[in-house]
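Source file: work38.cif; contents: mmCIF, C-alpha atoms.
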data_data
loop_
_atom_site.label_atom_id
_atom_site.label_comp_id
_atom_site.auth_asym_id
_atom_site.auth_seq_id
_atom_site.Cartn_x
_atom_site.Cartn_y
_atom_site.Cartn_z
CA MET A 25 0.00 0.00 0.00
CA MET A 26 1.09 3.51 -0.75
CA GLY A 27 0.84 5.93 2.17
CA GLY A 28 0.31 8.90 -0.10
CA GLY A 29 1.23 12.47 0.69
CA GLY A 30 -1.95 14.02 -0.67
CA GLY A 31 -3.12 15.23 2.73
CA PHE A 32 0.16 16.94 3.45
CA LEU A 33 0.24 18.46 -0.03
CA TRP A 34 -3.23 19.97 0.45
CA PHE A 35 -2.23 21.27 3.88
CA LEU A 36 0.81 22.93 2.31
CA VAL A 37 -1.17 24.49 -0.55
CA ILE A 38 -3.93 25.82 1.73
CA GLY A 39 -1.30 27.06 4.19
CA VAL A 40 0.47 29.05 1.48
CA LEU A 41 -2.82 30.47 0.22
CA ILE A 42 -3.58 31.75 3.72
CA VAL A 43 -0.13 32.87 4.88
CA VAL A 44 0.95 34.87 1.81
CA PRO A 45 -1.87 37.47 1.91
CA PHE A 46 -1.46 37.91 5.66
CA TRP A 47 2.32 38.28 5.17
CA LYS A 48 1.68 41.25 2.87
CA LEU A 49 -1.15 42.82 4.91
CA LEU A 50 0.00 42.57 8.53
CA PRO A 51 2.80 45.19 8.30
CA ARG A 52 0.21 47.76 7.15
CA TYR A 53 -1.49 47.31 10.52
CA GLY A 54 1.64 47.51 12.65
CA LEU A 55 2.07 43.76 13.09
CA PRO A 56 5.23 41.84 12.16
CA SER A 57 5.21 39.84 8.92
CA TRP A 58 6.43 36.68 10.65
CA ALA A 59 3.17 36.58 12.62
CA ALA A 60 1.49 35.50 9.37
CA LEU A 61 2.99 32.05 9.93
CA LEU A 62 0.61 31.68 12.87
CA THR A 63 -2.41 32.06 10.58
CA ILE A 64 -2.28 28.38 9.68
CA PHE A 65 -4.33 28.07 12.88
CA PRO A 66 -7.87 29.24 12.07
CA LEU A 67 -8.46 30.97 15.42
CA VAL A 68 -5.30 33.06 15.00
CA ALA A 69 -6.35 34.03 11.46
CA LEU A 70 -9.74 35.10 12.78
CA VAL A 71 -8.13 37.26 15.50
CA PHE A 72 -5.88 38.94 12.91
CA LEU A 73 -8.89 39.60 10.68
CA TRP A 74 -10.65 41.31 13.60
CA ILE A 75 -7.55 43.39 14.36
CA MET A 76 -7.28 44.45 10.73
CA ALA A 77 -11.00 45.23 10.48
CA PHE A 78 -11.09 47.56 13.47
CA LYS A 79 -7.66 49.20 13.25
CA SER A 80 -6.88 51.77 10.58
CA ASP A 81 -3.81 50.99 8.51
CA GLU A 82 -0.66 53.09 8.83
CA ALA A 83 -1.08 54.58 5.35
CA GLY A 84 -4.10 56.50 6.61
CA ARG A 85 -6.62 54.86 4.29
CA GLY A 86 -8.81 53.49 7.10
#
Produce structure tokens that represent the structure in this file.
Amino acid sequence: MMGGGGGFLWFLVIGVLIVVPFWKLLPRYGLPSWAALLTIFPLVALVFLWIMAFKSDEAGRG
């Protein structure tokens, strides 16, 4: 039987699709880019979304 790495591959793809946008957005809200790595955990991603929604970005657009 083949163990298959399909589950890990999907985890990696979904992780990249979540982390990359946060990596670009978090510095605009005064948070370090490396914190985007924590967004692979859904609760952390939700907290960051709340922070970004209720805090104006540093460029003055919000």
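Residues captured in this structure file are Gly39, Val40, Leu41, Ile42, Val43, Val44, Pro45, Phe46, Trp47, Lys48, Leu50, Pro56, Ser57, Trp58, Ala59, Ala60, Leu62, Thr63, Ile64, Phe65, Pro66, Val68, Ala69 and Phe72 of chain A, according to the PyMOL selection byres ((chain A and resi 61) around 12).
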Original post:
Distance CA of Lys79 in chain A-CA of Arg52 in chain A, one decimal place?
Top reply: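 Answer for the CA of Lys79 in chain A to CA of Arg52 in chain A separation: 10.1 Å.
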**OP:** Record the distance separating CA of Tyr53 in chain A and CA of Leu70 in chain A, expressed in Å with one decimal.
**Re:**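 Distance reported for this atom pair: 14.9 Å.
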Original post:
What is the distance between CA of Leu67 in chain A and CA of Ile38 in chain A, in Å to one decimal?
Top reply: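 Taking CA of Leu67 in chain A and CA of Ile38 in chain A, their separation equals 15.3 Å.
Take the candidates A:Val37, A:Val71, A:Met76, A:Gly31 and check each one against Leu49 in chain A using only C-alpha atoms; the shortest distance goes to A:Met76.
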